[in-house]
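Participant: Take this structure, written in C-alpha cells, and hold onto it; I'll ask about it next.
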There are 2 protein chains.
Amino acid sequence: MAKYKDIADDIREKIKNQEYTFGQKLPYEYVLCMSYHCNKETMKKALDILVKEGLIIRRRGAGTFVKDYDSSIENATNKFARGLTAKYEGIKEVTSQVLEFEVIPADEHLSKKLQIEPGDFVYHIIRLRFLDKKPHLIDISYMPISLIPNLKLEHLKGSVYEYIEKVLKLKIQSCHLTINAALSTPLEQQYLELNEYEPYIQEEQISYLSNGAIFEYTLARHHYADFEFQTIVVQQ
Amino acid sequence: MAKYKDIADDIREKIKNQEYTFGQKLPYEYVLCMSYHCNKETMKKALDILVKEGLIIRRRGAGTFVKDYDSSIENATNKFARGLTAKYEGIKEVTSQVLEFEVIPADEHLSKKLQIEPGDFVYHIIRLRFLDKKPHLIDISYMPISLIPNLKLEHLKGSVYEYIEKVLKLKIQSCHLTINAALSTPLEQQYLELNEYEPYIQEEQISYLSNGAIFEYTLARHHYADFEFQTIVVQQ
DNA sequence: GAGTGGTCTAGACCACATC
DNA sequence: ATGTGGTCTAGACCACTCT
C-alpha cells in the first residue's frame with residue numbers, strides 16, 4: 001500500500017472522528033509533511049484523494065479546509081462497490097434470490113458491450129436482491145465464462161465480486177456507469193412492486209479488470225422511489 | 001495552464017482523431033516524456049487525467065492501452081457543465097422560459113444546503129429548459145445574493161454559469177450531485193408532460209466556487225424518459 | 001531477465017490570496 | 001510582503017507482467 005494512501009486514510013479518519021471539524025483549517029502542507037515524514041508531492045497526492053471524495057477543499061494562497069461532512073460521499077472504494085456488492089451502510093442483511101442462471105452465446109449487442117466475439121459463451125444471471133428482506137433491485141448480468149470460470153449458484157447468493165477478488169484473485173479496476181429510466185415490464189412489476197406505466201431506474205455497468213478485460217455487463221434495475229446515487233465532480 | 005493538462009489535451013485529441021486507436025498500445029512512458037520534453041511524473045499526471053476519463057488504461061508491467069472510445073464519456077469539464085449549462089452534443093438550441101424569479105429569505109433547510117444563516121436572502125429561480133424547443137427539464141435554483149450580485153432576467157435566459165465565470169470572474173470548483181426520483185407534482189406534470197402517478201428524475205446539485213463558498217443549490221427535474229447520466233469510477 | 005508503470009524525495013520556481 | 005498551494009524536474013528505487 002502506498003504511503004500517500006495511508007496518509008489519506010489517516011486524515012480521513014481524523015475528519016470522520018471530528019478531530020478536524022467542519023470549516024477548520026488544516027495544518028499547512030509543510031507541517032503535515034513534517035508530521036507524516038513525507039515529501040510535499042506525496043502529501044499533495046494524499047490530500048487530492050480527500051478532495052476528490054469531497055472531504056476537504058484546497059485553496060491556493062489560503063489553505064486547506066474541511067468541507068461539510070454530511071454533504072460528502074463515502075470513499076471511492078465504497079462508491080465503486082455500490083453498484084452490485086451493496087455495501088449499504090446501516091443495513092444489516094443483503095440477500096439474493098436467483099431467478100435465472102444459464103450460459104448462452106453472446107449476440108451482437110452483448111459482444112460489443114463485453115468486447116468479445118459474437119457466439120462466445122457468457123453467463124446470463126438474473127437476481128432479485130433484497131435489503132433487510134425488502135426487494136430492492138433486479139440485477140441482470142452477463143459475464144464471459146472464459147474470464148470467470150467455475151461460477152456456482154452459491155457464489156450468486158453471496159457476492160460475485162468476492163468470488164472474483166478473493167478466490168480468483170483478480171482485481172477490479174474501473175467501471176463505466178450509465179443511469180437512465182424506462183417503463184417497467186412484467187418482470188419489474190412483479191418483483192419491484194411497480195405498477196404498469198411506472199418506470200424503473202437502471203444503472204448500466206461495464207466493469208474492467210486490472211488487466212484491461214471487461215468481465216461484466218450488468219443492468220441493475222431499481223424501484224424509482226428507492227434509488228439514490230451520489231457523486232462529486234471536481235474541476236481539474 | 002499546466003503542462004500536464006496540455007499534454008493530456010494533446011493525447012486526448014490524438015485518441016479522438018484515431019491517431020491512437022482502440023486497443024493500441026501507446027508509446028511507453030520514457031518515449032512520451034522525450035517527445036513532450038517532460039518528466040516522468042508530469043507525464044503520469046497527464047495520463048492519469050485520461051485514465052479518469054476512461055480513455056486509456058494503464059497496466060504496470062504491461063503498458064498503456066487505448067480503451068473503446070464509444071464507452072468513454074466526454075471530458076470532466078463538459079461533464080461538469082452538464083448539470084446546468086446543457087452543452088448537449090449534436091443539439092443546436094438550448095432555451096429557457098423563466099417561471100419564477102424572486103428574492104426570498106432562506107429557511108432552515110436552504111440555509112443548511114447553502115451554508116448560510118437562516119434569513120439570508122437568496123434568489124429563487126424556476127426555469128423550464130428546452131432542447132430544440134422540446135421541454136427537457138425544470139430547474140429550481142437558489143443562490144445567495146451576496147455571492148452573485150445583480151443577477152438579471154436576461155442572464156437567466158442564457159447561461160447563469162457564463163455570467164458567474166465571464167462577468168463576475170468567479171471560478172466554479174466542484175459540485176456534489178445526488179440523483180433520485182419522486183412522484184411528479186402538478187408543476188412537473190404541466191411542463192414535462194408527465195401523467196399523474198409518473199415520477200420525475202431529479203439531480204440535486206450543490207456547487208462550490210474556488211474560494212470554497214457554495215453559490216448554488218439546484219434541483220433539476222427531468223422527464224424520466226429523457227434522462228441519462230454517465231460516470232466512470234476508477235479504483236484508486 | 002527485460003520491459004513497463006508506480007512511488008517517493010529534495011529542491012526549485014510559480015501563482016494566487018490576504019493583509 | 002508573506003503565507004500557502006501548484007507544478008516541474010532528475011533521479012532513485014520498487015512492483016508487476018510477460019515469456
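Identifiers in this document derive from the order of the C-alpha cells: chains are assigned A, B, ..., residues are numbered from 1 separately in each chain, and ligands are numbered from 1 in order of occurrence.
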List every residue of chain A that has an atom at most 9 Å from any atom of chain C, giving for each one its closest atom pair and the distance in Å to one decimal, counting only C-alpha atoms (C1' of nucleotides), sorted by chain and then by ascending residue number, as a tab-separated table.
Facilitator:
```
residue	atom	partner	partner_atom	distance
A:Ala2	CA	C:DT7	C1'	7.1
A:Lys3	CA	C:DT7	C1'	8.2
A:Tyr4	CA	C:DT7	C1'	8.8
A:Cys38	CA	C:DT9	C1'	8.2
A:Asn39	CA	C:DT9	C1'	6.2
A:Lys40	CA	C:DT9	C1'	9.0
A:Glu41	CA	C:DC8	C1'	8.5
A:Thr42	CA	C:DC8	C1'	7.1
A:Arg59	CA	C:DA17	C1'	8.4
A:Arg60	CA	C:DC16	C1'	5.8
A:Gly61	CA	C:DA17	C1'	4.5
A:Ala62	CA	C:DA17	C1'	5.6
```
Participant: Next, dump the selected residues to file, keeping only N, CA, C and O atoms, as a JSON list (two decimals), in the first residue's frame.
Facilitator:
```json
[["chain", "number", "residue", "atom", "x", "y", "z"],
["A", 2, "ALA", "N", 0.51, 2.18, -0.82],
["A", 2, "ALA", "CA", 1.34, 3.37, -0.96],
["A", 2, "ALA", "C", 1.20, 4.29, 0.26],
["A", 2, "ALA", "O", 0.16, 4.33, 0.89],
["A", 3, "LYS", "N", 2.29, 4.98, 0.52],
["A", 3, "LYS", "CA", 2.33, 5.91, 1.65],
["A", 3, "LYS", "C", 1.23, 6.97, 1.55],
["A", 3, "LYS", "O", 0.57, 7.28, 2.53],
["A", 4, "TYR", "N", 1.05, 7.51, 0.33],
["A", 4, "TYR", "CA", 0.07, 8.59, 0.22],
["A", 4, "TYR", "C", -1.35, 8.11, 0.53],
["A", 4, "TYR", "O", -2.16, 8.86, 1.05],
["A", 38, "CYS", "N", 7.01, 12.97, 5.19],
["A", 38, "CYS", "CA", 6.94, 12.74, 3.74],
["A", 38, "CYS", "C", 7.21, 14.02, 3.00],
["A", 38, "CYS", "O", 7.29, 15.11, 3.58],
["A", 39, "ASN", "N", 7.31, 13.85, 1.73],
["A", 39, "ASN", "CA", 7.59, 14.95, 0.83],
["A", 39, "ASN", "C", 6.28, 15.67, 0.47],
["A", 39, "ASN", "O", 5.20, 15.12, 0.57],
["A", 40, "LYS", "N", 6.46, 16.90, 0.02],
["A", 40, "LYS", "CA", 5.33, 17.73, -0.37],
["A", 40, "LYS", "C", 4.45, 17.08, -1.45],
["A", 40, "LYS", "O", 3.22, 17.10, -1.36],
["A", 41, "GLU", "N", 5.08, 16.51, -2.45],
["A", 41, "GLU", "CA", 4.32, 15.87, -3.54],
["A", 41, "GLU", "C", 3.51, 14.69, -3.01],
["A", 41, "GLU", "O", 2.39, 14.46, -3.45],
["A", 42, "THR", "N", 4.09, 13.95, -2.11],
["A", 42, "THR", "CA", 3.38, 12.81, -1.53],
["A", 42, "THR", "C", 2.17, 13.30, -0.74],
["A", 42, "THR", "O", 1.08, 12.74, -0.84],
["A", 59, "ARG", "N", -7.27, 25.70, -1.25],
["A", 59, "ARG", "CA", -7.28, 26.99, -1.94],
["A", 59, "ARG", "C", -5.89, 27.56, -1.95],
["A", 59, "ARG", "O", -5.35, 27.90, -0.89],
["A", 60, "ARG", "N", -5.36, 27.65, -3.12],
["A", 60, "ARG", "CA", -4.03, 28.22, -3.29],
["A", 60, "ARG", "C", -4.00, 29.59, -2.63],
["A", 60, "ARG", "O", -4.86, 30.42, -2.86],
["A", 61, "GLY", "N", -3.02, 29.80, -1.82],
["A", 61, "GLY", "CA", -2.88, 31.11, -1.17],
["A", 61, "GLY", "C", -3.67, 31.25, 0.11],
["A", 61, "GLY", "O", -3.51, 32.23, 0.83],
["A", 62, "ALA", "N", -4.53, 30.29, 0.38],
["A", 62, "ALA", "CA", -5.37, 30.43, 1.57],
["A", 62, "ALA", "C", -5.18, 29.27, 2.55],
["A", 62, "ALA", "O", -4.90, 29.46, 3.72]]
```
Participant: Run DSSP on the backbone and grab whatever in segment 60-211 of chain B lands in helix (DSSP H, G or I); send it over as a PyMOL selection string.
Facilitator: chain B and resi 69-71+76-85+108-114+153-157+160-167+186-191
Participant: If we count only C-alpha atoms (C1' of nucleotides), what is near segment 196-209 of chain A at a cut-off of 9 Å, once residues fewer than 5 positions away on the same chain are taken out, given as a ChimeraX atom specification?
Facilitator: /A:83,113-114,170-186,188-189,214-225,227 /B:71,181,197-199,201,224-225
Participant: With a distance threshold of 9 Å and counting only C-alpha atoms (C1' of nucleotides), extract the residues of chain D near chain A and express them as a list in words.
Facilitator: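 So the residues of chain D near chain A are DG3, DT4, DG5 and DG6 of chain D.
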Participant: Output all heavy atoms of each residue in that selection to a file, as a PDB file, in the first residue's frame.
Facilitator:
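Produced file again-v7.pdb, reproduced below:
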```pdb
ATOM      1  P    DG D   3       5.133  34.541   6.664  1.00  0.00           P
ATOM      2  OP1  DG D   3       5.063  34.447   8.143  1.00  0.00           O
ATOM      3  OP2  DG D   3       6.321  34.054   5.920  1.00  0.00           O
ATOM      4  O5'  DG D   3       3.849  33.816   6.086  1.00  0.00           O
ATOM      5  C5'  DG D   3       2.554  34.306   6.449  1.00  0.00           C
ATOM      6  C4'  DG D   3       1.521  33.490   5.721  1.00  0.00           C
ATOM      7  O4'  DG D   3       1.541  33.838   4.319  1.00  0.00           O
ATOM      8  C3'  DG D   3       1.761  31.976   5.789  1.00  0.00           C
ATOM      9  O3'  DG D   3       0.502  31.370   6.000  1.00  0.00           O
ATOM     10  C2'  DG D   3       2.346  31.647   4.414  1.00  0.00           C
ATOM     11  C1'  DG D   3       1.657  32.670   3.527  1.00  0.00           C
ATOM     12  N9   DG D   3       2.356  33.065   2.301  1.00  0.00           N
ATOM     13  C8   DG D   3       3.681  33.380   2.148  1.00  0.00           C
ATOM     14  N7   DG D   3       3.992  33.715   0.911  1.00  0.00           N
ATOM     15  C5   DG D   3       2.793  33.607   0.214  1.00  0.00           C
ATOM     16  C6   DG D   3       2.494  33.840  -1.158  1.00  0.00           C
ATOM     17  O6   DG D   3       3.245  34.201  -2.058  1.00  0.00           O
ATOM     18  N1   DG D   3       1.142  33.608  -1.428  1.00  0.00           N
ATOM     19  C2   DG D   3       0.213  33.211  -0.508  1.00  0.00           C
ATOM     20  N2   DG D   3      -1.028  33.040  -0.942  1.00  0.00           N
ATOM     21  N3   DG D   3       0.478  32.989   0.780  1.00  0.00           N
ATOM     22  C4   DG D   3       1.780  33.204   1.062  1.00  0.00           C
ATOM     23  P    DT D   4       0.335  29.833   6.381  1.00  0.00           P
ATOM     24  OP1  DT D   4      -0.872  29.693   7.217  1.00  0.00           O
ATOM     25  OP2  DT D   4       1.656  29.335   6.835  1.00  0.00           O
ATOM     26  O5'  DT D   4       0.039  29.170   4.985  1.00  0.00           O
ATOM     27  C5'  DT D   4      -1.219  29.413   4.362  1.00  0.00           C
ATOM     28  C4'  DT D   4      -1.161  28.894   2.955  1.00  0.00           C
ATOM     29  O4'  DT D   4      -0.221  29.673   2.204  1.00  0.00           O
ATOM     30  C3'  DT D   4      -0.675  27.459   2.827  1.00  0.00           C
ATOM     31  O3'  DT D   4      -1.779  26.616   2.615  1.00  0.00           O
ATOM     32  C2'  DT D   4       0.261  27.491   1.625  1.00  0.00           C
ATOM     33  C1'  DT D   4       0.099  28.896   1.082  1.00  0.00           C
ATOM     34  N1   DT D   4       1.298  29.445   0.442  1.00  0.00           N
ATOM     35  C2   DT D   4       1.190  29.815  -0.866  1.00  0.00           C
ATOM     36  O2   DT D   4       0.152  29.726  -1.496  1.00  0.00           O
ATOM     37  N3   DT D   4       2.350  30.300  -1.437  1.00  0.00           N
ATOM     38  C4   DT D   4       3.581  30.439  -0.826  1.00  0.00           C
ATOM     39  O4   DT D   4       4.535  30.882  -1.443  1.00  0.00           O
ATOM     40  C5   DT D   4       3.628  30.033   0.553  1.00  0.00           C
ATOM     41  C7   DT D   4       4.922  30.142   1.306  1.00  0.00           C
ATOM     42  C6   DT D   4       2.500  29.564   1.115  1.00  0.00           C
ATOM     43  P    DG D   5      -1.579  25.032   2.496  1.00  0.00           P
ATOM     44  OP1  DG D   5      -2.721  24.492   3.213  1.00  0.00           O
ATOM     45  OP2  DG D   5      -0.201  24.671   2.851  1.00  0.00           O
ATOM     46  O5'  DG D   5      -1.768  24.729   0.927  1.00  0.00           O
ATOM     47  C5'  DG D   5      -2.664  25.498   0.253  1.00  0.00           C
ATOM     48  C4'  DG D   5      -2.668  25.404  -1.245  1.00  0.00           C
ATOM     49  O4'  DG D   5      -1.661  26.300  -1.775  1.00  0.00           O
ATOM     50  C3'  DG D   5      -2.401  24.062  -1.899  1.00  0.00           C
ATOM     51  O3'  DG D   5      -3.196  24.015  -3.080  1.00  0.00           O
ATOM     52  C2'  DG D   5      -0.914  24.125  -2.199  1.00  0.00           C
ATOM     53  C1'  DG D   5      -0.768  25.597  -2.604  1.00  0.00           C
ATOM     54  N9   DG D   5       0.567  26.107  -2.366  1.00  0.00           N
ATOM     55  C8   DG D   5       1.276  26.071  -1.197  1.00  0.00           C
ATOM     56  N7   DG D   5       2.467  26.595  -1.309  1.00  0.00           N
ATOM     57  C5   DG D   5       2.544  27.004  -2.642  1.00  0.00           C
ATOM     58  C6   DG D   5       3.591  27.636  -3.343  1.00  0.00           C
ATOM     59  O6   DG D   5       4.693  27.977  -2.925  1.00  0.00           O
ATOM     60  N1   DG D   5       3.253  27.878  -4.680  1.00  0.00           N
ATOM     61  C2   DG D   5       2.043  27.547  -5.242  1.00  0.00           C
ATOM     62  N2   DG D   5       1.883  27.842  -6.523  1.00  0.00           N
ATOM     63  N3   DG D   5       1.050  26.962  -4.597  1.00  0.00           N
ATOM     64  C4   DG D   5       1.375  26.708  -3.302  1.00  0.00           C
ATOM     65  P    DG D   6      -3.020  22.937  -4.206  1.00  0.00           P
ATOM     66  OP1  DG D   6      -4.324  22.742  -4.853  1.00  0.00           O
ATOM     67  OP2  DG D   6      -2.287  21.800  -3.629  1.00  0.00           O
ATOM     68  O5'  DG D   6      -2.062  23.660  -5.277  1.00  0.00           O
ATOM     69  C5'  DG D   6      -2.622  24.520  -6.275  1.00  0.00           C
ATOM     70  C4'  DG D   6      -1.747  24.467  -7.521  1.00  0.00           C
ATOM     71  O4'  DG D   6      -0.436  24.980  -7.196  1.00  0.00           O
ATOM     72  C3'  DG D   6      -1.537  23.056  -8.048  1.00  0.00           C
ATOM     73  O3'  DG D   6      -1.664  23.103  -9.474  1.00  0.00           O
ATOM     74  C2'  DG D   6      -0.136  22.687  -7.601  1.00  0.00           C
ATOM     75  C1'  DG D   6       0.559  24.057  -7.591  1.00  0.00           C
ATOM     76  N9   DG D   6       1.652  24.155  -6.634  1.00  0.00           N
ATOM     77  C8   DG D   6       1.616  23.789  -5.307  1.00  0.00           C
ATOM     78  N7   DG D   6       2.755  24.003  -4.698  1.00  0.00           N
ATOM     79  C5   DG D   6       3.585  24.529  -5.665  1.00  0.00           C
ATOM     80  C6   DG D   6       4.944  24.937  -5.593  1.00  0.00           C
ATOM     81  O6   DG D   6       5.690  24.920  -4.618  1.00  0.00           O
ATOM     82  N1   DG D   6       5.401  25.409  -6.822  1.00  0.00           N
ATOM     83  C2   DG D   6       4.644  25.475  -7.960  1.00  0.00           C
ATOM     84  N2   DG D   6       5.265  25.953  -9.049  1.00  0.00           N
ATOM     85  N3   DG D   6       3.387  25.092  -8.047  1.00  0.00           N
ATOM     86  C4   DG D   6       2.918  24.632  -6.869  1.00  0.00           C
TER      87       DG D   6
END
```
Participant: For the structure I just gave you, how does DSSP split segment 103-201 of chain B - specifically, which residues are strand (DSSP E or B)? Reply as an NGL selection string.
Facilitator: :B and (103-105 or 121-131 or 134-144 or 172-183 or 199-201)
Participant: Between A:Asp107, A:Asp48, A:Asp139, A:Glu93, which one has atoms that come closest to chain B, using only C-alpha atoms?
Facilitator: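 For chain B, the nearest of the given residues is A:Asp48.
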Participant: Find the residue from B:Gly54, B:Pro135, B:Gly158, B:Gly119 that sits nearest to chain A; use only C-alpha atoms when measuring.
Facilitator: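 Using only C-alpha atoms, the shortest distance to chain A belongs to B:Gly54.
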Participant: Nearest to chain A among B:Ile49, B:Ile11, B:Ile104, B:Met43, with distances taken over only C-alpha atoms: which residue is it?
Facilitator: B:Ile49
Participant: Name the residues in contact with Leu110 of chain B at a cut-off of 10 Å, using only C-alpha atoms (C1' of nucleotides), excluding same-chain residues fewer than 2 positions from it; report them as a list of chain:residue names.
Facilitator: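 Residues meeting the cut-off are B:Pro105, B:Ala106, B:Asp107, B:Glu108, B:Lys112, B:Lys113, B:Leu114, B:Gln115, B:Ile116, B:Glu117, B:Pro118, B:Gly119, B:Asp120, B:Val122, B:Tyr142, B:Met143, B:Tyr217.
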Participant: Grab the residues selected above and save them as a PDB file, in the first residue's frame with C-alpha atoms.
Facilitator:
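File produced: selection11.pdb:
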```
ATOM      1  CA  PRO B 105     -35.090  34.708   2.922  1.00  0.00           C
ATOM      2  CA  ALA B 106     -33.509  31.277   3.344  1.00  0.00           C
ATOM      3  CA  ASP B 107     -35.424  28.871   5.552  1.00  0.00           C
ATOM      4  CA  GLU B 108     -33.762  26.285   7.781  1.00  0.00           C
ATOM      5  CA  LYS B 112     -28.066  24.243   5.616  1.00  0.00           C
ATOM      6  CA  LYS B 113     -27.718  23.397   1.947  1.00  0.00           C
ATOM      7  CA  LEU B 114     -26.121  26.732   1.113  1.00  0.00           C
ATOM      8  CA  GLN B 115     -24.217  27.022   4.392  1.00  0.00           C
ATOM      9  CA  ILE B 116     -25.583  30.471   5.138  1.00  0.00           C
ATOM     10  CA  GLU B 117     -27.607  31.926   8.007  1.00  0.00           C
ATOM     11  CA  PRO B 118     -31.368  31.379   8.054  1.00  0.00           C
ATOM     12  CA  GLY B 119     -32.943  34.593   6.845  1.00  0.00           C
ATOM     13  CA  ASP B 120     -30.114  35.465   4.461  1.00  0.00           C
ATOM     14  CA  VAL B 122     -31.312  34.152  -1.840  1.00  0.00           C
ATOM     15  CA  TYR B 142     -31.313  29.017  -5.069  1.00  0.00           C
ATOM     16  CA  MET B 143     -28.263  31.298  -4.941  1.00  0.00           C
ATOM     17  CA  TYR B 217     -28.360  24.750  -4.707  1.00  0.00           C
TER      18      TYR B 217
END
```
Participant: Suppose you want the space between atom CA of Phe101 of chain A and atom CA of His124 of chain A; what is it in Å?
Facilitator: 5.8 Å
Participant: For Val167 of chain A, find every residue with an atom within 12 Å (counting only C-alpha atoms (C1' of nucleotides)), except residues of its own chain fewer than 2 positions away, and show them as a VMD selection string.
Facilitator: chain A and resid 148 to 151 155 159 to 165 169 to 171
Participant: Which one of B:Val94, B:Ile126, B:Val51, B:Leu99 sits closest to chain A if you count only C-alpha atoms?
Facilitator: B:Val51
Participant: Work out how far atom CA of Glu100 of chain B is from atom CA of Lys166 of chain B, in Å to one decimal.
Facilitator: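 Taking atom CA of Lys166 of chain B as the start and atom CA of Glu100 of chain B as the end point, the length is 24.1 Å.
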Participant: Given only C-alpha atoms as the basis, pick out the residue of B:Phe65, B:Phe121, B:Phe130, B:Tyr36 nearest to chain A.
Facilitator: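 Smallest distance to chain A is found for B:Phe65.
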Participant: Find the spatial neighbours of Thr95 of chain B, counting only C-alpha atoms (C1' of nucleotides), within a cut-off of 8 Å - ignore same-chain residues fewer than 3 positions away - and output them as an NGL selection string.
Facilitator: :B and (129-133 or 157-158)
Participant: Could you save the residues just selected, with N, CA, C and O atoms, as a PDB file, in the first residue's frame?
Facilitator:
```pdb
ATOM      1  N   ARG B 129     -36.428  24.448 -19.165  1.00  0.00           N
ATOM      2  CA  ARG B 129     -35.369  24.486 -20.171  1.00  0.00           C
ATOM      3  C   ARG B 129     -35.730  23.595 -21.340  1.00  0.00           C
ATOM      4  O   ARG B 129     -36.199  22.474 -21.173  1.00  0.00           O
ATOM      5  N   PHE B 130     -35.474  24.145 -22.520  1.00  0.00           N
ATOM      6  CA  PHE B 130     -35.836  23.450 -23.757  1.00  0.00           C
ATOM      7  C   PHE B 130     -34.587  23.029 -24.514  1.00  0.00           C
ATOM      8  O   PHE B 130     -33.599  23.761 -24.547  1.00  0.00           O
ATOM      9  N   LEU B 131     -34.643  21.876 -25.111  1.00  0.00           N
ATOM     10  CA  LEU B 131     -33.623  21.468 -26.072  1.00  0.00           C
ATOM     11  C   LEU B 131     -34.329  21.336 -27.413  1.00  0.00           C
ATOM     12  O   LEU B 131     -35.264  20.535 -27.543  1.00  0.00           O
ATOM     13  N   ASP B 132     -33.870  22.143 -28.359  1.00  0.00           N
ATOM     14  CA  ASP B 132     -34.535  22.139 -29.663  1.00  0.00           C
ATOM     15  C   ASP B 132     -36.042  22.283 -29.509  1.00  0.00           C
ATOM     16  O   ASP B 132     -36.822  21.556 -30.121  1.00  0.00           O
ATOM     17  N   LYS B 133     -36.433  23.225 -28.679  1.00  0.00           N
ATOM     18  CA  LYS B 133     -37.838  23.592 -28.467  1.00  0.00           C
ATOM     19  C   LYS B 133     -38.680  22.550 -27.741  1.00  0.00           C
ATOM     20  O   LYS B 133     -39.856  22.740 -27.512  1.00  0.00           O
ATOM     21  N   LYS B 157     -32.064  33.789 -19.022  1.00  0.00           N
ATOM     22  CA  LYS B 157     -32.478  33.268 -20.328  1.00  0.00           C
ATOM     23  C   LYS B 157     -31.327  32.578 -21.030  1.00  0.00           C
ATOM     24  O   LYS B 157     -31.519  31.688 -21.839  1.00  0.00           O
ATOM     25  N   GLY B 158     -30.111  33.012 -20.718  1.00  0.00           N
ATOM     26  CA  GLY B 158     -28.952  32.314 -21.263  1.00  0.00           C
ATOM     27  C   GLY B 158     -28.381  31.406 -20.191  1.00  0.00           C
ATOM     28  O   GLY B 158     -29.102  30.656 -19.561  1.00  0.00           O
TER      29      GLY B 158
END
```
